[in-house]
file input_24.csv (CSV, N, CA and C atoms)
chain,number,residue,atom,x,y,z
A,1,GLN,N,36.6,-51.0,66.0
A,1,GLN,CA,35.7,-51.1,67.1
A,1,GLN,C,34.7,-52.2,66.9
A,2,VAL,N,34.5,-53.1,67.8
A,2,VAL,CA,33.5,-54.2,67.7
A,2,VAL,C,32.4,-54.0,68.7
A,3,GLN,N,31.2,-54.0,68.3
A,3,GLN,CA,30.1,-53.9,69.3
A,3,GLN,C,29.4,-55.2,69.4
A,4,LEU,N,29.1,-55.6,70.6
A,4,LEU,CA,28.5,-56.9,70.9
A,4,LEU,C,27.2,-56.7,71.7
A,5,VAL,N,26.1,-57.3,71.3
A,5,VAL,CA,24.9,-57.2,72.0
A,5,VAL,C,24.3,-58.6,72.3
A,6,GLU,N,24.3,-58.9,73.6
A,6,GLU,CA,23.8,-60.2,74.0
A,6,GLU,C,22.2,-60.2,74.2
A,7,SER,N,21.6,-61.3,74.1
A,7,SER,CA,20.2,-61.5,74.4
A,7,SER,C,20.0,-62.9,74.8
A,8,GLY,N,18.8,-63.2,75.3
A,8,GLY,CA,18.4,-64.6,75.6
A,8,GLY,C,18.5,-65.1,77.0
A,9,GLY,N,19.0,-64.2,77.9
A,9,GLY,CA,19.1,-64.6,79.3
A,9,GLY,C,17.7,-64.7,79.9
A,10,GLY,N,17.7,-65.2,81.1
A,10,GLY,CA,16.4,-65.3,81.8
A,10,GLY,C,16.5,-66.2,83.0
A,11,MET,N,15.3,-66.6,83.5
A,11,MET,CA,15.2,-67.5,84.7
A,11,MET,C,14.7,-68.8,84.2
A,12,VAL,N,15.3,-69.9,84.7
A,12,VAL,CA,14.9,-71.2,84.3
A,12,VAL,C,15.1,-72.2,85.5
A,13,GLN,N,14.4,-73.3,85.6
A,13,GLN,CA,14.6,-74.2,86.6
A,13,GLN,C,15.7,-75.2,86.3
A,14,ALA,N,16.3,-75.8,87.3
A,14,ALA,CA,17.4,-76.7,87.0
A,14,ALA,C,16.9,-77.8,86.1
A,15,GLY,N,17.8,-78.1,85.2
A,15,GLY,CA,17.5,-79.1,84.1
A,15,GLY,C,16.9,-78.5,82.9
A,16,GLY,N,16.6,-77.2,82.9
A,16,GLY,CA,16.1,-76.5,81.8
A,16,GLY,C,17.1,-76.1,80.8
A,17,SER,N,16.7,-75.4,79.8
A,17,SER,CA,17.6,-74.9,78.7
A,17,SER,C,17.3,-73.4,78.4
A,18,LEU,N,18.4,-72.8,77.9
A,18,LEU,CA,18.3,-71.4,77.4
A,18,LEU,C,19.3,-71.3,76.2
A,19,ARG,N,19.0,-70.4,75.3
A,19,ARG,CA,19.9,-70.1,74.3
A,19,ARG,C,20.2,-68.6,74.3
A,20,LEU,N,21.5,-68.3,74.4
A,20,LEU,CA,22.0,-67.0,74.4
A,20,LEU,C,22.4,-66.6,72.9
A,21,SER,N,22.2,-65.4,72.6
A,21,SER,CA,22.7,-64.9,71.3
A,21,SER,C,23.6,-63.7,71.5
A,22,CYS,N,24.5,-63.5,70.6
A,22,CYS,CA,25.4,-62.4,70.6
A,22,CYS,C,25.5,-61.9,69.2
A,23,ALA,N,25.0,-60.7,69.0
A,23,ALA,CA,25.0,-60.1,67.7
A,23,ALA,C,26.3,-59.1,67.6
A,24,ALA,N,27.1,-59.4,66.6
A,24,ALA,CA,28.3,-58.6,66.5
A,24,ALA,C,28.2,-57.6,65.4
A,25,SER,N,28.9,-56.4,65.5
A,25,SER,CA,28.8,-55.4,64.5
A,25,SER,C,29.7,-55.6,63.3
A,26,VAL,N,30.5,-56.7,63.4
A,26,VAL,CA,31.4,-57.0,62.3
A,26,VAL,C,31.3,-58.5,62.0
A,27,SER,N,31.8,-58.9,60.9
A,27,SER,CA,31.8,-60.3,60.5
A,27,SER,C,32.6,-61.1,61.6
A,28,THR,N,32.0,-62.3,61.9
A,28,THR,CA,32.7,-63.2,62.8
A,28,THR,C,34.0,-63.7,62.3
A,29,TYR,N,34.2,-63.5,61.0
A,29,TYR,CA,35.5,-64.0,60.4
A,29,TYR,C,36.5,-62.9,60.5
A,30,SER,N,36.1,-61.7,60.9
A,30,SER,CA,37.1,-60.6,61.0
A,30,SER,C,37.7,-60.5,62.4
A,31,VAL,N,37.4,-61.4,63.3
A,31,VAL,CA,38.0,-61.5,64.6
A,31,VAL,C,38.7,-62.8,64.8
A,32,ARG,N,39.6,-62.9,65.7
A,32,ARG,CA,40.4,-64.1,65.9
A,32,ARG,C,39.5,-65.2,66.5
A,33,ALA,N,38.6,-64.8,67.4
A,33,ALA,CA,37.7,-65.8,68.1
A,33,ALA,C,36.6,-65.0,68.8
A,34,MET,N,35.5,-65.7,69.0
A,34,MET,CA,34.4,-65.2,69.8
A,34,MET,C,34.1,-66.2,70.9
A,35,GLY,N,33.6,-65.7,72.0
A,35,GLY,CA,33.3,-66.6,73.0
A,35,GLY,C,32.3,-66.1,74.1
A,36,TRP,N,32.0,-66.9,75.0
A,36,TRP,CA,31.2,-66.6,76.1
A,36,TRP,C,31.9,-66.8,77.4
A,37,TYR,N,31.8,-65.8,78.3
A,37,TYR,CA,32.3,-65.9,79.6
A,37,TYR,C,31.2,-65.6,80.6
A,38,ARG,N,31.4,-65.9,81.9
A,38,ARG,CA,30.4,-65.7,82.9
A,38,ARG,C,31.0,-65.2,84.2
A,39,GLN,N,30.2,-64.5,84.9
A,39,GLN,CA,30.7,-64.0,86.2
A,39,GLN,C,29.5,-64.1,87.2
A,40,ALA,N,29.8,-64.9,88.2
A,40,ALA,CA,28.8,-65.0,89.3
A,40,ALA,C,29.1,-64.0,90.4
A,41,PRO,N,28.2,-63.7,91.2
A,41,PRO,CA,28.4,-62.7,92.3
A,41,PRO,C,29.6,-63.1,93.2
A,42,GLY,N,30.5,-62.2,93.4
A,42,GLY,CA,31.7,-62.5,94.3
A,42,GLY,C,32.7,-63.3,93.7
A,43,LYS,N,32.6,-63.7,92.4
A,43,LYS,CA,33.6,-64.5,91.7
A,43,LYS,C,34.2,-63.8,90.5
A,44,GLN,N,35.3,-64.3,90.1
A,44,GLN,CA,36.0,-63.8,88.9
A,44,GLN,C,35.3,-64.2,87.6
A,45,ARG,N,35.4,-63.4,86.6
A,45,ARG,CA,34.9,-63.8,85.3
A,45,ARG,C,35.6,-65.1,84.8
A,46,GLU,N,34.9,-66.0,84.3
A,46,GLU,CA,35.5,-67.3,83.8
A,46,GLU,C,35.0,-67.7,82.4
A,47,LEU,N,35.9,-68.4,81.8
A,47,LEU,CA,35.6,-68.9,80.4
A,47,LEU,C,34.5,-69.9,80.4
A,48,VAL,N,33.6,-69.8,79.4
A,48,VAL,CA,32.6,-70.8,79.2
A,48,VAL,C,32.9,-71.6,77.9
A,49,ALA,N,33.0,-70.9,76.8
A,49,ALA,CA,33.2,-71.5,75.5
A,49,ALA,C,33.7,-70.5,74.5
A,50,THR,N,34.5,-70.9,73.6
A,50,THR,CA,35.0,-70.1,72.5
A,50,THR,C,34.9,-70.8,71.2
A,51,ILE,N,34.8,-70.0,70.1
A,51,ILE,CA,34.9,-70.5,68.8
A,51,ILE,C,35.8,-69.7,68.0
A,52,SER,N,36.8,-70.3,67.3
A,52,SER,CA,37.8,-69.6,66.6
A,52,SER,C,37.3,-69.2,65.2
A,53,ARG,N,38.1,-68.3,64.5
A,53,ARG,CA,37.7,-67.9,63.2
A,53,ARG,C,37.5,-69.2,62.3
A,54,ALA,N,38.4,-70.2,62.5
A,54,ALA,CA,38.3,-71.4,61.8
A,54,ALA,C,37.2,-72.3,62.2
A,55,GLY,N,36.5,-72.0,63.2
A,55,GLY,CA,35.4,-72.8,63.7
A,55,GLY,C,35.7,-73.8,64.7
A,56,VAL,N,36.9,-73.7,65.2
A,56,VAL,CA,37.3,-74.7,66.3
A,56,VAL,C,36.7,-74.2,67.6
A,57,THR,N,36.1,-75.1,68.3
A,57,THR,CA,35.4,-74.8,69.6
A,57,THR,C,36.2,-75.3,70.8
A,58,ASN,N,36.0,-74.6,71.9
A,58,ASN,CA,36.7,-74.9,73.1
A,58,ASN,C,35.7,-74.7,74.3
A,59,TYR,N,35.7,-75.6,75.2
A,59,TYR,CA,34.7,-75.5,76.3
A,59,TYR,C,35.4,-75.7,77.7
A,60,ALA,N,34.9,-75.0,78.6
A,60,ALA,CA,35.4,-75.2,80.0
A,60,ALA,C,34.8,-76.6,80.5
A,61,ALA,N,35.6,-77.2,81.3
A,61,ALA,CA,35.2,-78.6,81.8
A,61,ALA,C,33.8,-78.6,82.4
A,62,TYR,N,33.5,-77.5,83.1
A,62,TYR,CA,32.2,-77.5,83.9
A,62,TYR,C,31.0,-77.4,83.0
A,63,VAL,N,31.2,-77.1,81.7
A,63,VAL,CA,30.0,-77.0,80.8
A,63,VAL,C,30.1,-78.0,79.7
A,64,LYS,N,31.2,-78.7,79.5
A,64,LYS,CA,31.4,-79.6,78.4
A,64,LYS,C,30.3,-80.7,78.4
A,65,GLY,N,29.7,-80.9,77.3
A,65,GLY,CA,28.6,-81.9,77.2
A,65,GLY,C,27.2,-81.3,77.5
A,66,ARG,N,27.2,-80.1,78.0
A,66,ARG,CA,25.9,-79.5,78.3
A,66,ARG,C,25.7,-78.2,77.5
A,67,PHE,N,26.7,-77.5,77.2
A,67,PHE,CA,26.6,-76.2,76.4
A,67,PHE,C,27.2,-76.5,75.0
A,68,THR,N,26.7,-75.7,74.1
A,68,THR,CA,27.2,-75.8,72.7
A,68,THR,C,27.3,-74.3,72.1
A,69,ILE,N,28.5,-74.0,71.7
A,69,ILE,CA,28.7,-72.7,71.0
A,69,ILE,C,28.6,-72.9,69.5
A,70,SER,N,28.0,-72.0,68.8
A,70,SER,CA,27.9,-72.1,67.4
A,70,SER,C,27.8,-70.6,66.8
A,71,ARG,N,27.8,-70.5,65.5
A,71,ARG,CA,27.7,-69.2,64.9
A,71,ARG,C,26.9,-69.3,63.6
A,72,ASP,N,26.3,-68.2,63.3
A,72,ASP,CA,25.7,-67.9,62.0
A,72,ASP,C,26.5,-66.8,61.4
A,73,SER,N,27.4,-67.2,60.6
A,73,SER,CA,28.3,-66.2,60.0
A,73,SER,C,27.6,-65.2,59.1
A,74,ALA,N,26.5,-65.6,58.4
A,74,ALA,CA,25.8,-64.8,57.5
A,74,ALA,C,25.1,-63.6,58.3
A,75,LYS,N,24.8,-63.9,59.6
A,75,LYS,CA,24.1,-62.9,60.4
A,75,LYS,C,25.0,-62.3,61.4
A,76,ASN,N,26.3,-62.7,61.5
A,76,ASN,CA,27.2,-62.2,62.5
A,76,ASN,C,26.7,-62.5,63.9
A,77,ILE,N,26.2,-63.6,64.2
A,77,ILE,CA,25.7,-64.0,65.5
A,77,ILE,C,26.4,-65.2,66.0
A,78,VAL,N,26.7,-65.2,67.3
A,78,VAL,CA,27.2,-66.4,68.0
A,78,VAL,C,26.2,-66.8,69.0
A,79,TYR,N,26.0,-68.1,69.1
A,79,TYR,CA,25.0,-68.6,70.0
A,79,TYR,C,25.7,-69.4,71.1
A,80,LEU,N,25.0,-69.5,72.2
A,80,LEU,CA,25.4,-70.5,73.3
A,80,LEU,C,24.1,-71.2,73.7
A,81,GLN,N,24.0,-72.5,73.3
A,81,GLN,CA,22.9,-73.3,73.7
A,81,GLN,C,23.3,-74.0,75.0
A,82,MET,N,22.5,-73.7,76.0
A,82,MET,CA,22.7,-74.2,77.4
A,82,MET,C,21.6,-75.2,77.8
A,83,ASN,N,22.0,-76.5,77.9
A,83,ASN,CA,21.1,-77.5,78.3
A,83,ASN,C,21.5,-78.1,79.7
A,84,SER,N,20.6,-78.8,80.3
A,84,SER,CA,20.8,-79.4,81.6
A,84,SER,C,21.4,-78.3,82.6
A,85,LEU,N,20.8,-77.2,82.7
A,85,LEU,CA,21.3,-76.1,83.5
A,85,LEU,C,21.2,-76.5,85.0
A,86,LYS,N,22.2,-76.0,85.7
A,86,LYS,CA,22.4,-76.2,87.1
A,86,LYS,C,22.3,-74.9,87.9
A,87,PRO,N,22.0,-74.9,89.1
A,87,PRO,CA,22.0,-73.6,89.9
A,87,PRO,C,23.4,-72.9,89.9
A,88,GLU,N,24.4,-73.7,89.8
A,88,GLU,CA,25.8,-73.1,89.8
A,88,GLU,C,26.1,-72.5,88.4
A,89,ASP,N,25.2,-72.6,87.4
A,89,ASP,CA,25.4,-71.9,86.2
A,89,ASP,C,24.9,-70.4,86.3
A,90,THR,N,24.2,-70.1,87.4
A,90,THR,CA,23.7,-68.8,87.6
A,90,THR,C,24.8,-67.7,87.5
A,91,ALA,N,24.7,-66.8,86.6
A,91,ALA,CA,25.8,-65.8,86.5
A,91,ALA,C,25.3,-64.8,85.4
A,92,VAL,N,26.1,-63.7,85.3
A,92,VAL,CA,25.9,-62.8,84.1
A,92,VAL,C,26.9,-63.4,83.0
A,93,TYR,N,26.3,-63.6,81.9
A,93,TYR,CA,27.0,-64.1,80.8
A,93,TYR,C,27.4,-63.0,79.8
A,94,TYR,N,28.7,-63.0,79.4
A,94,TYR,CA,29.2,-61.9,78.6
A,94,TYR,C,29.7,-62.5,77.3
A,95,CYS,N,29.4,-61.8,76.2
A,95,CYS,CA,30.0,-62.2,74.9
A,95,CYS,C,31.3,-61.5,74.7
A,96,ASN,N,32.2,-62.2,74.1
A,96,ASN,CA,33.6,-61.6,73.9
A,96,ASN,C,34.0,-61.8,72.5
A,97,ALA,N,34.7,-60.8,72.0
A,97,ALA,CA,35.4,-61.0,70.7
A,97,ALA,C,36.8,-60.6,70.8
A,98,GLU,N,37.7,-61.5,70.3
A,98,GLU,CA,39.1,-61.2,70.4
A,98,GLU,C,39.5,-60.6,69.0
A,99,GLY,N,39.9,-59.4,68.9
A,99,GLY,CA,40.2,-58.8,67.6
A,99,GLY,C,41.5,-59.3,67.1
A,100,LEU,N,41.8,-59.0,65.8
A,100,LEU,CA,43.0,-59.4,65.2
A,100,LEU,C,44.2,-58.8,65.8
A,101,THR,N,44.1,-57.7,66.5
A,101,THR,CA,45.2,-57.0,67.2
A,101,THR,C,45.2,-57.4,68.7
A,102,LEU,N,44.5,-58.5,69.0
A,102,LEU,CA,44.4,-59.0,70.4
A,102,LEU,C,43.7,-58.1,71.3
A,103,ILE,N,43.0,-57.1,70.9
A,103,ILE,CA,42.1,-56.3,71.7
A,103,ILE,C,40.9,-57.1,72.0
A,104,ASN,N,40.4,-57.1,73.2
A,104,ASN,CA,39.2,-57.8,73.6
A,104,ASN,C,38.0,-56.9,73.7
A,105,TYR,N,36.9,-57.3,73.1
A,105,TYR,CA,35.7,-56.5,73.2
A,105,TYR,C,34.7,-57.3,74.0
A,106,TRP,N,33.8,-56.6,74.7
A,106,TRP,CA,32.8,-57.2,75.5
A,106,TRP,C,31.4,-56.7,75.3
A,107,GLY,N,30.5,-57.5,75.5
A,107,GLY,CA,29.1,-57.0,75.5
A,107,GLY,C,28.7,-56.6,76.9
A,108,GLN,N,27.5,-56.2,77.0
A,108,GLN,CA,27.0,-55.6,78.3
A,108,GLN,C,26.6,-56.7,79.3
A,109,GLY,N,26.4,-57.9,78.8
A,109,GLY,CA,26.1,-59.0,79.7
A,109,GLY,C,24.6,-59.3,79.7
A,110,THR,N,24.3,-60.6,80.0
A,110,THR,CA,22.9,-61.0,80.1
A,110,THR,C,22.8,-61.9,81.3
A,111,GLN,N,21.8,-61.7,82.1
A,111,GLN,CA,21.7,-62.5,83.4
A,111,GLN,C,21.0,-63.9,83.1
A,112,VAL,N,21.6,-64.9,83.6
A,112,VAL,CA,21.1,-66.2,83.6
A,112,VAL,C,20.9,-66.7,85.1
A,113,SER,N,19.7,-67.0,85.4
A,113,SER,CA,19.4,-67.5,86.8
A,113,SER,C,18.7,-68.9,86.7
A,114,VAL,N,19.3,-69.8,87.5
A,114,VAL,CA,18.8,-71.2,87.5
A,114,VAL,C,18.4,-71.5,88.9
A,115,SER,N,17.1,-71.9,89.1
A,115,SER,CA,16.6,-72.2,90.4
A,115,SER,C,16.6,-73.7,90.6
A,116,SER,N,16.8,-74.1,91.8
A,116,SER,CA,16.8,-75.6,92.2
A,116,SER,C,15.4,-76.1,92.4

call {"tool": "encode", "arguments": {"input": "input_24.csv", "output": "structure tokens"}}
result
Amino acid sequence: QVQLVESGGGMVQAGGSLRLSCAASVSTYSVRAMGWYRQAPGKQRELVATISRAGVTNYAAYVKGRFTISRDSAKNIVYLQMNSLKPEDTAVYYCNAEGLTLINYWGQGTQVSVSS
């Protein structure tokens, strides 16, 4: 069982920055990958960024160049640095861990609101 706790959400004006954190109950090396997803009201949950156990990162086109995913393996924390935020980035952001048996674990989510 993997427990994930997100933090760092909030309200910001367009063009601003936020950093989300996801604290995992297990080593980030003990899962296949970790990532961030988001879900806006009335929309499906969508990929934001992932980082594999080997450290390979992957970004959705709509955040590439603005968001950066990283990890502190010593602390079992994955970060999402979000710069140049846009109103369309408003959503609940969820941390995800893909276990070695392909089971997906989710955090409770953290709200990010960007005003124009």

call {"tool": "atom_distance", "arguments": {"input": "input_24.csv", "atom1": "CA of Asn58 (chain A)", "atom2": "CA of Ala97 (chain A)"}}
result
14.2 Å

call {"tool": "residues_near_point", "arguments": {"input": "input_24.csv", "point": "(29.7, -70.8, 75.3)", "cutoff": "8 Å", "atoms": "only C-alpha atoms", "output": "PyMOL selection string"}}
result
chain A and resi 35-37+48-50+59+67-69+79-81

call {"tool": "closest_residue", "arguments": {"input": "input_24.csv", "among": "A:Val26, A:Ala54, A:Ala40, A:Val63", "to": "Lys75 (chain A)", "atoms": "only C-alpha atoms"}}
result
A:Val26

call {"tool": "residues_around", "arguments": {"input": "input_24.csv", "residues": "Leu100 (chain A)", "least_positions_apart": "4", "cutoff": "9 Å", "atoms": "only C-alpha atoms", "output": "JSON, numbers by chain"}}
result
{"A": [30, 31, 32, 33]}

call {"tool": "write_last_selection", "arguments": {"input": "input_24.csv", "atoms": "N, CA and C atoms", "output": "compact mmCIF listing (two decimals), keeping the file's coordinate frame"}}
result
# COMPACT_ATOMS: atom_id res chain seq x y z
N SER A 30 36.10 -61.70 60.90
CA SER A 30 37.10 -60.60 61.00
C SER A 30 37.70 -60.50 62.40
N VAL A 31 37.40 -61.40 63.30
CA VAL A 31 38.00 -61.50 64.60
C VAL A 31 38.70 -62.80 64.80
N ARG A 32 39.60 -62.90 65.70
CA ARG A 32 40.40 -64.10 65.90
C ARG A 32 39.50 -65.20 66.50
N ALA A 33 38.60 -64.80 67.40
CA ALA A 33 37.70 -65.80 68.10
C ALA A 33 36.60 -65.00 68.80

call {"tool": "closest_residue", "arguments": {"input": "input_24.csv", "among": "A:Ala61, A:Arg66, A:Met11, A:Ser21", "to": "Ser84 (chain A)", "atoms": "all atoms listed in the file"}}
result
A:Arg66

call {"tool": "atom_distance", "arguments": {"input": "input_24.csv", "atom1": "atom N of Pro87 (chain A)", "atom2": "CA of Thr57 (chain A)"}}
result
23.7 Å

call {"tool": "atom_distance", "arguments": {"input": "input_24.csv", "atom1": "CA of Ala91 (chain A)", "atom2": "CA of Gln1 (chain A)"}}
result
26.3 Å

call {"tool": "residues_around", "arguments": {"input": "input_24.csv", "residues": "region 107-114 of chain A", "least_positions_apart": "5", "cutoff": "6.5 Å", "atoms": "all atoms listed in the file", "output": "PyMOL selection string"}}
result
chain A and resi 3-7+9-14+85-97

call {"tool": "select_by_dssp", "arguments": {"input": "input_24.csv", "residues": "chain A", "states": "strand (DSSP E or B)", "output": "VMD selection string"}}
result
chain A and resid 4 to 7 10 to 13 18 to 24 33 to 39 46 to 52 57 to 59 67 to 72 77 to 82 91 to 98 104 to 106 110 to 115

call {"tool": "closest_residue", "arguments": {"input": "input_24.csv", "among": "A:Trp106, A:Met82, A:Ser116, A:Met34", "to": "Arg19 (chain A)", "atoms": "all atoms listed in the file"}}
result
A:Met82

call {"tool": "closest_residue", "arguments": {"input": "input_24.csv", "among": "A:Gly65, A:Pro41, A:Val2, A:Cys22", "to": "Asn104 (chain A)", "atoms": "only C-alpha atoms"}}
result
A:Val2

call {"tool": "closest_residue", "arguments": {"input": "input_24.csv", "among": "A:Gly42, A:Lys64, A:Asn83, A:Ser115", "to": "Ser17 (chain A)", "atoms": "only C-alpha atoms"}}
result
A:Asn83

call {"tool": "closest_residue", "arguments": {"input": "input_24.csv", "among": "A:Ile77, A:Tyr105, A:Gln44, A:Val56", "to": "Thr28 (chain A)", "atoms": "all atoms listed in the file"}}
result
A:Ile77

call {"tool": "select_by_dssp", "arguments": {"input": "input_24.csv", "residues": "chain A", "states": "helix (DSSP H, G or I)", "output": "ChimeraX atom specification"}}
result
/A:28-30,87-89
